[in-house]
Every structure is written in structure tokens, then in C-alpha cells.
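*Asks:* Dropping in my_file34.cif, with mmCIF, C-alpha atoms.
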```cif
data_start
loop_
_atom_site.group_PDB
_atom_site.id
_atom_site.type_symbol
_atom_site.label_atom_id
_atom_site.label_comp_id
_atom_site.auth_asym_id
_atom_site.auth_seq_id
_atom_site.Cartn_x
_atom_site.Cartn_y
_atom_site.Cartn_z
ATOM 1 C CA MET A 117 36.108 3.846 41.983
ATOM 2 C CA SER A 118 33.467 1.260 42.865
ATOM 3 C CA HIS A 119 31.413 -0.658 40.333
ATOM 4 C CA GLU A 120 29.160 -1.901 43.127
ATOM 5 C CA PHE A 121 25.488 -1.170 43.799
ATOM 6 C CA ASN A 122 22.543 -2.543 45.754
ATOM 7 C CA PHE A 123 19.445 -4.048 44.182
ATOM 8 C CA GLY A 124 16.577 -5.852 45.881
ATOM 9 C CA GLY A 125 18.428 -5.800 49.210
ATOM 10 C CA GLN A 126 21.407 -7.642 47.669
ATOM 11 C CA HIS A 127 24.906 -6.539 46.688
ATOM 12 C CA PHE A 128 25.978 -6.587 43.041
ATOM 13 C CA ALA A 129 29.004 -5.440 41.084
ATOM 14 C CA PHE A 130 29.615 -5.057 37.361
ATOM 15 C CA ALA A 131 32.059 -7.652 36.055
ATOM 16 C CA GLY A 132 33.099 -5.658 33.004
ATOM 17 C CA PRO A 133 30.601 -3.857 30.779
ATOM 18 C CA ARG A 134 28.209 -6.755 30.115
ATOM 19 C CA ALA A 135 27.962 -8.962 33.225
ATOM 20 C CA LEU A 136 26.995 -8.747 36.895
ATOM 21 C CA TYR A 137 28.433 -10.461 39.945
ATOM 22 C CA TRP A 138 26.005 -11.222 42.783
ATOM 23 C CA LYS A 139 28.094 -11.139 45.938
ATOM 24 C CA GLU A 140 25.838 -12.994 48.382
ATOM 25 C CA ARG A 141 25.420 -15.952 46.025
ATOM 26 C CA ARG A 142 28.865 -15.838 44.401
ATOM 27 C CA ALA A 143 26.946 -15.825 41.123
ATOM 28 C CA LEU A 144 27.830 -14.457 37.692
ATOM 29 C CA LEU A 145 24.856 -13.205 35.665
ATOM 30 C CA VAL A 146 24.740 -12.641 31.912
ATOM 31 C CA ALA A 147 21.964 -12.329 29.333
ATOM 32 C CA ASP A 148 21.496 -12.805 25.594
ATOM 33 C CA LEU A 149 24.575 -14.726 24.534
ATOM 34 C CA HIS A 150 22.878 -15.647 21.212
ATOM 35 C CA LEU A 151 25.341 -18.473 20.597
ATOM 36 C CA GLU A 152 25.384 -19.825 17.028
ATOM 37 C CA LYS A 153 23.855 -16.691 15.582
ATOM 38 C CA ALA A 154 26.381 -16.660 12.729
ATOM 39 C CA SER A 155 25.589 -20.267 11.768
ATOM 40 C CA TRP A 156 21.868 -19.442 11.816
ATOM 41 C CA PHE A 157 22.451 -16.604 9.326
ATOM 42 C CA ALA A 158 24.817 -18.757 7.234
ATOM 43 C CA ALA A 159 22.083 -21.359 6.750
ATOM 44 C CA ARG A 160 19.980 -18.547 5.258
ATOM 45 C CA GLY A 161 22.657 -17.339 2.858
ATOM 46 C CA GLN A 162 24.099 -14.468 4.900
ATOM 47 C CA MET A 163 27.687 -15.382 5.640
ATOM 48 C CA LEU A 164 29.195 -14.051 8.884
ATOM 49 C CA PRO A 165 32.515 -15.011 10.533
ATOM 50 C CA PRO A 166 31.696 -18.336 12.274
ATOM 51 C CA TYR A 167 33.509 -17.576 15.511
ATOM 52 C CA ASP A 168 30.859 -15.771 17.560
ATOM 53 C CA SER A 169 30.130 -18.668 19.930
ATOM 54 C CA ARG A 170 33.802 -19.308 20.673
ATOM 55 C CA GLU A 171 34.489 -15.614 21.268
ATOM 56 C CA THR A 172 31.461 -15.152 23.517
ATOM 57 C CA LEU A 173 32.275 -18.252 25.563
ATOM 58 C CA ALA A 174 35.942 -17.258 25.809
ATOM 59 C CA ARG A 175 34.956 -13.923 27.379
ATOM 60 C CA LEU A 176 32.523 -15.618 29.739
ATOM 61 C CA THR A 177 35.110 -18.225 30.717
ATOM 62 C CA ALA A 178 37.683 -15.509 31.402
ATOM 63 C CA LEU A 179 35.220 -13.779 33.731
ATOM 64 C CA ALA A 180 34.420 -17.072 35.472
ATOM 65 C CA ASP A 181 38.122 -17.866 35.908
ATOM 66 C CA GLU A 182 38.664 -14.405 37.385
ATOM 67 C CA ARG A 183 35.639 -14.289 39.708
ATOM 68 C CA GLN A 184 35.381 -18.005 40.531
ATOM 69 C CA PRO A 185 31.583 -17.988 40.915
ATOM 70 C CA ALA A 186 29.694 -20.900 42.424
ATOM 71 C CA GLU A 187 26.846 -20.249 39.959
ATOM 72 C CA ILE A 188 26.443 -18.854 36.459
ATOM 73 C CA TRP A 189 22.986 -17.609 35.486
ATOM 74 C CA ALA A 190 22.246 -17.039 31.793
ATOM 75 C CA LEU A 191 19.043 -14.992 31.534
ATOM 76 C CA GLY A 192 17.644 -16.300 28.267
ATOM 77 C CA ASP A 193 18.430 -16.274 24.549
ATOM 78 C CA SER A 194 21.668 -18.083 25.278
ATOM 79 C CA PHE A 195 21.315 -19.553 21.781
ATOM 80 C CA HIS A 196 19.954 -17.741 18.766
ATOM 81 C CA ASP A 197 17.449 -20.538 18.069
ATOM 82 C CA ASP A 198 16.290 -23.839 19.533
ATOM 83 C CA ALA A 199 18.525 -25.880 17.229
ATOM 84 C CA GLY A 200 21.658 -23.883 18.085
ATOM 85 C CA PRO A 201 23.153 -26.456 20.500
ATOM 86 C CA GLY A 202 23.170 -29.026 17.693
ATOM 87 C CA ARG A 203 25.400 -26.803 15.545
ATOM 88 C CA LEU A 204 28.170 -26.446 18.149
ATOM 89 C CA ASP A 205 31.497 -27.924 17.112
ATOM 90 C CA ALA A 206 33.590 -30.092 19.442
ATOM 91 C CA ASP A 207 35.872 -27.256 20.558
ATOM 92 C CA THR A 208 32.942 -25.042 21.528
ATOM 93 C CA ILE A 209 31.302 -27.882 23.447
ATOM 94 C CA GLN A 210 34.569 -28.254 25.364
ATOM 95 C CA GLN A 211 34.410 -24.547 26.224
ATOM 96 C CA ILE A 212 30.965 -25.050 27.786
ATOM 97 C CA GLU A 213 32.207 -28.118 29.671
ATOM 98 C CA HIS A 214 35.133 -26.105 31.040
ATOM 99 C CA LEU A 215 32.806 -23.280 32.005
ATOM 100 C CA GLY A 216 30.629 -25.639 34.062
ATOM 101 C CA ARG A 217 33.455 -27.459 35.803
ATOM 102 C CA GLY A 218 33.037 -27.172 39.570
ATOM 103 C CA ARG A 219 30.064 -24.807 39.373
ATOM 104 C CA GLN A 220 26.367 -24.779 38.526
ATOM 105 C CA ILE A 221 25.130 -23.270 35.250
ATOM 106 C CA ILE A 222 21.455 -22.347 35.052
ATOM 107 C CA TRP A 223 20.024 -21.515 31.628
ATOM 108 C CA ILE A 224 16.792 -19.505 31.710
ATOM 109 C CA ALA A 225 14.649 -19.955 28.609
ATOM 110 C CA GLY A 226 14.310 -17.004 26.249
ATOM 111 C CA ASN A 227 12.052 -16.208 23.329
ATOM 112 C CA HIS A 228 14.702 -17.395 20.849
ATOM 113 C CA ASP A 229 15.824 -20.563 22.618
ATOM 114 C CA GLY A 230 12.799 -21.648 24.628
ATOM 115 C CA GLY A 231 13.153 -25.245 23.434
ATOM 116 C CA ALA A 232 16.938 -25.522 23.321
ATOM 117 C CA ALA A 233 18.450 -28.624 24.931
ATOM 118 C CA VAL A 234 21.440 -27.213 26.821
ATOM 119 C CA PRO A 235 23.821 -29.096 29.141
ATOM 120 C CA GLY A 236 23.172 -27.902 32.686
ATOM 121 C CA ASP A 237 20.008 -26.864 34.502
ATOM 122 C CA ARG A 238 17.304 -25.285 32.357
ATOM 123 C CA ILE A 239 14.332 -23.380 33.811
ATOM 124 C CA ASP A 240 11.769 -20.834 32.641
ATOM 125 C CA GLU A 241 12.213 -18.404 35.542
ATOM 126 C CA VAL A 242 12.896 -18.448 39.286
ATOM 127 C CA ILE A 243 12.752 -16.289 42.401
ATOM 128 C CA ILE A 244 15.843 -16.355 44.613
ATOM 129 C CA ASP A 245 16.437 -14.328 47.768
ATOM 130 C CA GLY A 246 13.487 -12.127 46.874
ATOM 131 C CA ILE A 247 14.646 -11.372 43.296
ATOM 132 C CA ILE A 248 12.917 -12.783 40.217
ATOM 133 C CA LEU A 249 15.181 -13.923 37.371
ATOM 134 C CA ARG A 250 13.592 -14.220 33.934
ATOM 135 C CA HIS A 251 14.324 -13.397 30.320
ATOM 136 C CA GLU A 252 11.842 -10.614 29.598
ATOM 137 C CA ALA A 253 10.357 -8.014 31.954
ATOM 138 C CA ARG A 254 6.707 -8.452 32.889
ATOM 139 C CA ALA A 255 4.287 -5.587 33.355
ATOM 140 C CA ASP A 256 2.562 -7.165 36.363
ATOM 141 C CA GLU A 257 5.789 -7.820 38.305
ATOM 142 C CA ILE A 258 6.098 -5.995 41.630
ATOM 143 C CA ARG A 259 9.084 -7.912 43.002
ATOM 144 C CA PRO A 260 12.689 -6.905 42.199
ATOM 145 C CA GLU A 261 13.283 -8.274 38.697
ATOM 146 C CA LEU A 262 16.455 -9.111 36.763
ATOM 147 C CA SER A 263 15.991 -9.761 33.045
ATOM 148 C CA GLY A 264 17.523 -9.334 29.588
ATOM 149 C CA HIS A 265 15.949 -9.424 26.095
ATOM 150 C CA TYR A 266 16.304 -5.746 25.097
ATOM 151 C CA HIS A 267 20.108 -5.468 24.693
ATOM 152 C CA PRO A 268 20.204 -1.931 26.186
ATOM 153 C CA LYS A 269 22.899 0.547 25.163
ATOM 154 C CA ALA A 270 23.442 4.204 26.020
ATOM 155 C CA ARG A 271 25.058 7.100 24.176
ATOM 156 C CA VAL A 272 27.845 8.543 26.323
ATOM 157 C CA ARG A 273 29.897 11.636 25.496
ATOM 158 C CA SER A 274 33.565 11.654 26.504
ATOM 159 C CA GLY A 275 36.362 13.899 25.279
ATOM 160 C CA GLY A 276 34.153 15.419 22.609
ATOM 161 C CA ARG A 277 33.217 12.000 21.223
ATOM 162 C CA GLN A 278 29.937 10.143 21.447
ATOM 163 C CA MET A 279 30.087 6.406 22.096
ATOM 164 C CA PHE A 280 27.316 3.812 22.068
ATOM 165 C CA ARG A 281 28.038 1.547 25.013
ATOM 166 C CA PRO A 282 26.300 -1.470 26.580
ATOM 167 C CA CYS A 283 24.501 -0.635 29.798
ATOM 168 C CA ALA A 284 22.072 -2.005 32.327
ATOM 169 C CA ALA A 285 18.673 -0.321 32.371
ATOM 170 C CA TYR A 286 17.409 0.402 35.880
ATOM 171 C CA GLY A 287 14.051 1.669 37.169
ATOM 172 C CA ASN A 288 10.717 0.621 38.678
ATOM 173 C CA ASN A 289 12.478 -2.058 40.756
ATOM 174 C CA ARG A 290 13.757 -3.617 37.518
ATOM 175 C CA LEU A 291 17.224 -4.213 36.169
ATOM 176 C CA ILE A 292 17.595 -5.152 32.489
ATOM 177 C CA LEU A 293 21.042 -6.543 31.666
ATOM 178 C CA PRO A 294 23.005 -5.701 28.513
ATOM 179 C CA ALA A 295 23.513 -8.417 25.914
ATOM 180 C CA PHE A 296 26.692 -10.438 26.437
ATOM 181 C CA GLY A 297 26.966 -12.071 23.006
ATOM 182 C CA SER A 298 29.437 -11.015 20.340
ATOM 183 C CA LEU A 299 26.862 -10.546 17.544
ATOM 184 C CA THR A 300 24.011 -9.044 19.535
ATOM 185 C CA GLY A 301 23.983 -5.325 18.720
ATOM 186 C CA GLY A 302 21.880 -3.151 20.995
ATOM 187 C CA LEU A 303 18.816 -0.958 21.441
ATOM 188 C CA ASP A 304 19.169 2.649 22.613
ATOM 189 C CA ILE A 305 17.978 2.898 26.210
ATOM 190 C CA VAL A 306 15.842 5.910 25.297
ATOM 191 C CA ASP A 307 13.811 3.792 22.874
ATOM 192 C CA PRO A 308 10.205 3.453 24.110
ATOM 193 C CA ALA A 309 10.516 -0.348 24.043
ATOM 194 C CA ILE A 310 12.962 -0.103 26.967
ATOM 195 C CA ARG A 311 11.977 3.229 28.461
ATOM 196 C CA ARG A 312 8.426 2.106 29.220
ATOM 197 C CA TRP A 313 9.726 -0.320 31.860
ATOM 198 C CA LEU A 314 11.817 2.166 33.828
ATOM 199 C CA GLY A 315 9.528 4.911 35.080
ATOM 200 C CA ALA A 316 10.293 8.595 35.523
ATOM 201 C CA ASP A 317 13.550 8.004 37.403
ATOM 202 C CA GLY A 318 15.016 5.431 35.039
ATOM 203 C CA GLU A 319 18.788 5.169 34.711
ATOM 204 C CA ALA A 320 21.424 3.766 32.401
ATOM 205 C CA MET A 321 24.181 2.044 34.380
ATOM 206 C CA VAL A 322 27.342 2.130 32.264
ATOM 207 C CA TRP A 323 30.559 0.337 33.213
ATOM 208 C CA THR A 324 33.833 2.169 32.558
ATOM 209 C CA GLU A 325 37.374 1.286 33.602
ATOM 210 C CA GLN A 326 37.328 4.006 36.256
ATOM 211 C CA ARG A 327 33.786 3.849 37.662
ATOM 212 C CA LEU A 328 30.153 2.999 37.212
ATOM 213 C CA LEU A 329 28.255 5.815 35.484
ATOM 214 C CA ARG A 330 24.612 6.209 36.437
ATOM 215 C CA LEU A 331 22.908 8.343 33.794
ATOM 216 C CA ARG A 332 19.419 9.678 34.383
ATOM 217 C CA ILE A 333 16.913 9.344 31.561
ATOM 218 C CA GLU A 334 14.327 12.087 31.405
ATOM 219 C CA THR A 335 11.709 13.393 29.008
ATOM 220 C CA ALA A 336 12.737 16.536 27.145
ATOM 221 C CA ALA A 337 9.965 18.914 26.100
ATOM 222 C CA HIS A 338 9.212 18.524 22.364
ATOM 223 C CA CYS A 339 12.345 16.393 21.922
ATOM 224 C CA GLY A 340 11.359 12.922 23.103
ATOM 225 C CA LEU A 341 13.776 11.129 25.410
ATOM 226 C CA LYS A 342 17.396 11.872 26.048
ATOM 227 C CA VAL A 343 20.253 10.800 28.306
ATOM 228 C CA ALA A 344 20.912 13.455 30.935
ATOM 229 C CA GLN A 345 24.158 14.337 32.684
ATOM 230 C CA SER A 346 25.807 11.828 35.001
ATOM 231 C CA ARG A 347 24.848 12.250 38.637
#
```
Can you dump the structure from the file as C-alpha cells?
*Replies:*
Amino acid sequence: MSHEFNFGGQHFAFAGPRALYWKERRALLVADLHLEKASWFAARGQMLPPYDSRETLARLTALADERQPAEIWALGDSFHDDAGPGRLDADTIQQIEHLGRGRQIIWIAGNHDGGAAVPGDRIDEVIIDGIILRHEARADEIRPELSGHYHPKARVRSGGRQMFRPCAAYGNNRLILPAFGSLTGGLDIVDPAIRRWLGADGEAMVWTEQRLLRLRIETAAHCGLKVAQSR
């Protein structure tokens, strides 16, 4: 079944569970790569496997090789800190060079990497074809808005099991992308930090192999927020 949907008068499709493909622009969109997060923690005495950047970029490169986009938009926090690009090893730099070969990469600044010097085009935010692209949702925004920052996930029940899966958060003319990075974790979409942006008809959009699940989020009396049945 289709993984396609319309947003802001444009046509999008999920490219796997953590990325979007914008058909009209032939653009691949991702958010929150958090490259060099492991090396940031290692410098503070918490040792993590130092392969997160390579793994994240390998997945992104595989998507780019499959979809052949003309543009790649990274919606902020592409690095875990401003100094992250300086910690990349030669092999990882080659991955970024391969990723940008024959296409444009636009890095939108995030709250973690606002000062990062990244090869490619770097901007704070932009409006394209009537859709605003930025890192973090803004309360005063009335235009269609694509952002990241919150790493949304949703609890989905299947075959008697409950899984915590990356999702896009949709509502109030906003679409918040899931985090793409390997060491990013996630925030439950019913958390007030995300839910406040979505309005009464907010949805979790969850990619599966078979189809795109659109799960309504609604307020349950005396029980806070919960994920309702798929519609």
C-alpha cells in the first residue's frame, strides 16, 4: 500500500521509517542526524561505540542512491555539537563527499549545531513552495511547517506486542520529522512537549513495510493522552 501523503499542497512519501521524499522537488528530507554524538560522550568519559556517524551516513547514502534526489535537506542538529565536524575521520568525510556528489545538500542550523561549519549550503531556515523548513516548530507559524528537534516516536501494538517506533508528528499544519541518527532515541508522541504543537486532531504517521499508519492522538478522560486506533 502507499506511503504517500499530501502536505502544504505538495506530494510527499516516506522513504523508510525516518525520512521523507518530496516529489515535486526530488528532495530527500531528514532531521536530527546528531553525527559525532558518541565522540562527544567519549570526551566526557562515557564510552560508546564510535561508529554512529558512519552508520547514520551509510543509511542516508543508501536512501540517496535509491531515490536519486536532486536535493538533500537536513533539518537541524545534523551534528551533536558545533565542534562535531572537526572530529570526523577521513572515511566519514568521504561518506559526506559521496553523499553530495551531483546533488545539493542544505544543512539547516539546529540548537545543537547552530555554529557548525559543514561542507555544503548552511542556512537557518527557508520557505520553499509555500512550506517553511526549520529545525524547531514555532508557535507563531501559520504557514505549513516542516521541522525536527523532538525525535517523535509512537507506541504501536501488533500481534500482541507493543513496539516503540519512529514516526512523524502531524497536526495544526505542522509536520515534525522523526530523528534519523543512530544514537538519537525518541520522545513519545503523546508527551506534552510534542502534543502541544498538534492540536485536537494530531496524528502519528508511522512507516511500516506494508503501509503508512496514521494514528489519531486524543485526550482520554482522567488518563492523559493516548494513541488511538488506526484510521
*Asks:* Can you work out which one of A:Glu319, A:Glu261, A:Glu187, A:Asp307 has the shortest atom-to-atom distance to Glu241 in chain A, counting only C-alpha atoms?
*Replies:*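 The shortest atom-to-atom distance to Glu241 in chain A comes from A:Glu261.
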*Asks:* Would you kindly translate the PyMOL selection byres ((chain A and resi 296) around 6) into the concrete residues it picks from this file, as a short mmCIF file (atom, residue, chain, number, x, y, z; two decimals) with C-alpha atoms, keeping the file's coordinate frame?
*Replies:*
```cif
data_model
loop_
_atom_site.label_atom_id
_atom_site.label_comp_id
_atom_site.auth_asym_id
_atom_site.auth_seq_id
_atom_site.Cartn_x
_atom_site.Cartn_y
_atom_site.Cartn_z
CA ARG A 134 28.21 -6.76 30.12
CA ALA A 147 21.96 -12.33 29.33
CA ASP A 148 21.50 -12.80 25.59
CA LEU A 149 24.58 -14.73 24.53
CA ALA A 295 23.51 -8.42 25.91
CA GLY A 297 26.97 -12.07 23.01
#
```
*Asks:* State, in Å with one decimal place, the distance from CA of Leu328 in chain A to CA of Phe121 in chain A.
*Replies:*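 We find that CA of Leu328 in chain A and CA of Phe121 in chain A lie 9.1 Å from each other.
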*Asks:* Applying 12 Å and all atoms listed in the file, which residues near Ile247 in chain A remain after dropping the ones on its own chain fewer than 5 positions away? List them as a list in words.
*Replies:*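 Once the adjacent positions are removed, what remains is Phe123, Gly124, Gly125, Gln126, His127, Trp138, Glu241, Val242, Glu257, Ile258, Arg259, Pro260, Glu261, Leu262, Ser263, Asn289, Arg290 and Leu291 of chain A.
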*Asks:* One decimal, Å: what's the distance from CA of His119 in chain A over to CA of Gly226 in chain A, could you say?
*Replies:* 27.5 Å
*Asks:* Can you tell me which residues surround Pro133 in chain A at a distance of at most 7 Å, considering only C-alpha atoms, apart from same-chain residues fewer than 4 positions away, and format the answer as a list in words?
*Replies:*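 Near neighbours after the sequence-gap exclusion: Pro282, Cys283, Val322 and Trp323 of chain A.
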*Asks:* Could you check the closest approach to Asn288 in chain A for each of A:Gly318, A:Pro308, A:Gly218, A:Pro201 and tell me which residue wins, using only C-alpha atoms?
*Replies:*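 Counting only C-alpha atoms, the residue closest to Asn288 in chain A is A:Gly318.
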*Asks:* Could you give me, as a CSV table (one decimal) with C-alpha atoms, keeping the file's coordinate frame, the residues that have an atom at most 9 Å away from the point (27.4, 2.6, 21.1) in the coordinates of the file, using only C-alpha atoms?
*Replies:*
```
chain,number,residue,atom,x,y,z
A,269,LYS,CA,22.9,0.5,25.2
A,270,ALA,CA,23.4,4.2,26.0
A,271,ARG,CA,25.1,7.1,24.2
A,272,VAL,CA,27.8,8.5,26.3
A,278,GLN,CA,29.9,10.1,21.4
A,279,MET,CA,30.1,6.4,22.1
A,280,PHE,CA,27.3,3.8,22.1
A,281,ARG,CA,28.0,1.5,25.0
A,282,PRO,CA,26.3,-1.5,26.6
A,301,GLY,CA,24.0,-5.3,18.7
A,302,GLY,CA,21.9,-3.2,21.0
A,304,ASP,CA,19.2,2.6,22.6
```
*Asks:* Would you list the contacts of Ala206 in chain A as an NGL selection string, taking every protein, DNA or RNA residue within 12 Å and counting all atoms listed in the file, but skipping same-chain residues closer than 5 positions in sequence?
*Replies:* :A and (169-170 or 201 or 211-213)
*Asks:* Can you write just those residues out, C-alpha atoms, as a tab-separated table (two decimals), in the coordinates of the input?
*Replies:*
```tsv
chain	number	residue	atom	x	y	z
A	169	SER	CA	30.13	-18.67	19.93
A	170	ARG	CA	33.80	-19.31	20.67
A	201	PRO	CA	23.15	-26.46	20.50
A	211	GLN	CA	34.41	-24.55	26.22
A	212	ILE	CA	30.96	-25.05	27.79
A	213	GLU	CA	32.21	-28.12	29.67
```
*Asks:* May I ask which of the residues A:Trp223, A:Phe195, A:Tyr137, A:Tyr286 is the closest one to Arg332 in chain A, counting only C-alpha atoms?
*Replies:* A:Tyr286
*Asks:* Which of these residues is nearest to Gly202 in chain A, using all atoms listed in the file: A:His214, A:Arg330, A:Trp313, A:Val234?
*Replies:*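 For Gly202 in chain A, the nearest of the candidates is A:Val234.
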*Asks:* Which is closest to Leu329 in chain A among A:Ala285, A:Met163, A:Ala232, A:Ile221, if we use all atoms listed in the file?
*Replies:* A:Ala285
*Asks:* To test your reading of the syntax: which residues would the PyMOL selection byres ((chain A and resi 231) around 12) return for the file shown? Reply as JSON, numbers by chain.
*Replies:* {"A": [192, 193, 194, 195, 196, 197, 198, 199, 200, 201, 223, 224, 225, 226, 227, 228, 229, 230, 232, 233, 234, 238, 239, 240]}
*Asks:* For this file, the PyMOL selection byres ((chain A and resi 174-185) around 6) selects which residues, as a PyMOL selection string?
*Replies:* chain A and resi 142-143+170-173+186-187+215
*Asks:* Can you measure CA of Thr300 in chain A to CA of His150 in chain A for me? One decimal in Å is fine.
*Replies:* 6.9 Å
*Asks:* Using only C-alpha atoms, can you tell me which of A:Leu204, A:Ile243, A:Ile310, A:Leu136 comes closest to Lys153 in chain A?
*Replies:*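 With only C-alpha atoms as the atom set, the closest residue is A:Leu204.
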